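A.B. asks: Here it is: the structure, laid out below.
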Amino acid sequence: MPSSTNSFRPHWEHFAHGADIGVRGFGIDPAQAFEQAALAMTAVVTDPTTVGARDKIDITCDAPDIELLLVDWLNALIYEMSTRKMLFSRFVVGLSEGGLHASAWGETVETARHQPAVEIKGATYTALKVAQENGHWTAQTVVDV
């Protein structure tokens, strides 16, 4: 990973954690890291490039610290995925003192096209971290599948 912010590109990855899956987002600021963590979570279910950014929903969360805010954000997305039968592929997150306001764009699940691999039950506090490292931000946790 380059240490220069000039060559840094936001991205996401998964990490192994027993029977569950770790999601990790990297960004130039915490908001962008949250967006990338959400994209990593979508990628647990399906290839995010197969999900159209057609319908927009807004999400607001409050938490006493930034790490708990990450869990609340991902759990709010999981709730929306479950109740609306949707997947999301684009996210814009705004963070303020103890709060988050975000928009997520996605579409209704089409089983034949999206081929969902698993259903995510929830974001956990396991391996939870939101921190600045090497000039960029990391937001990570484990999701229960």
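Residue names in the structure tokens use chain letters A, B, ... in the order shown, residue numbers from 1 in each chain, and ligand numbers from 1 in the order shown.
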Contacts of stretch 103-109 of chain A at 10 Å or less, counting only C-alpha atoms, minus same-chain residues fewer than 5 places along, as number ranges by chain?
C.D. replies: A: 35, 38, 48, 51-60, 77, 80-81, 84-94, 114-116
A.B. asks: Hey, can you spit out that residue selection with C-alpha atoms as a CSV table (one decimal), in the first residue's frame?
C.D. replies:
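Below is the file that was written, result-v2.csv:
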chain,number,residue,atom,x,y,z
A,35,GLU,CA,-18.6,4.2,1.6
A,38,ALA,CA,-20.5,-0.6,2.4
A,48,PRO,CA,-21.2,-4.9,-7.0
A,51,VAL,CA,-26.0,-3.9,-9.2
A,52,GLY,CA,-27.5,-0.9,-11.0
A,53,ALA,CA,-27.6,2.5,-9.1
A,54,ARG,CA,-31.3,3.1,-10.0
A,55,ASP,CA,-33.2,3.9,-6.7
A,56,LYS,CA,-31.9,6.2,-4.0
A,57,ILE,CA,-32.6,5.8,-0.3
A,58,ASP,CA,-31.4,8.1,2.6
A,59,ILE,CA,-30.1,6.8,5.8
A,60,THR,CA,-29.4,8.7,9.1
A,77,LEU,CA,-27.9,-0.9,5.1
A,80,GLU,CA,-32.8,-1.7,4.0
A,81,MET,CA,-31.4,-4.6,2.0
A,84,ARG,CA,-36.7,-3.5,0.5
A,85,LYS,CA,-35.3,-6.7,-1.1
A,86,MET,CA,-32.5,-4.5,-2.6
A,87,LEU,CA,-28.8,-4.4,-3.2
A,88,PHE,CA,-26.7,-1.2,-3.3
A,89,SER,CA,-23.7,-0.3,-5.4
A,90,ARG,CA,-23.2,3.4,-4.8
A,91,PHE,CA,-22.9,5.3,-1.5
A,92,VAL,CA,-22.3,8.9,-0.5
A,93,VAL,CA,-21.7,9.4,3.3
A,94,GLY,CA,-21.5,12.6,5.3
A,114,HIS,CA,-27.2,-11.0,-9.0
A,115,GLN,CA,-26.9,-14.6,-7.9
A,116,PRO,CA,-26.8,-13.6,-4.2
A.B. asks: How would you write, as a PyMOL selection string, the set of residues in stretch 33-128 of chain A that DSSP gives as alpha helix (DSSP H)?
C.D. replies: chain A and resi 33-45+66-84+111-114
A.B. asks: In Å, how far is it from atom CA of A:Gly122 to atom CA of A:Val143?
C.D. replies: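 According to the coordinates, atom CA of A:Gly122 and atom CA of A:Val143 are separated by 5.6 Å.
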A.B. asks: Go through A:Gly135, A:Lys121, A:Leu68, A:Ala40 one by one, measure the shortest atom-to-atom distance of each to A:Arg9 using only C-alpha atoms, and give the residue with the smallest value.
C.D. replies: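 Distance minimum relative to A:Arg9 lands on A:Gly135.
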A.B. asks: Could you tell me which of A:Ala127, A:Leu70, A:Val142, A:Cys61 comes closest to A:Ala31 if we count only C-alpha atoms?
C.D. replies: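 That would be A:Leu70, the residue with the smallest distance to A:Ala31.
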A.B. asks: Check chain A with DSSP on the backbone and list each residue it calls strand (DSSP E or B), as number ranges by chain.
C.D. replies: A: 11-17, 20-27, 55-62, 86-96, 99-108, 122-123, 129-133, 136-144
A.B. asks: So, with only C-alpha atoms as the atoms that count, which of A:Tyr125, A:Tyr79, A:Trp73, A:Phe8 lies closest to A:Asp29?
C.D. replies: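 Using only C-alpha atoms, the shortest distance to A:Asp29 belongs to A:Phe8.
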A.B. asks: Using only C-alpha atoms, which of the listed residues (A:His11, A:Arg113, A:Lys129, A:His17) sits closest to A:Asp65?
C.D. replies: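 When distances to A:Asp65 are compared using only C-alpha atoms, the smallest one comes from A:Lys129.
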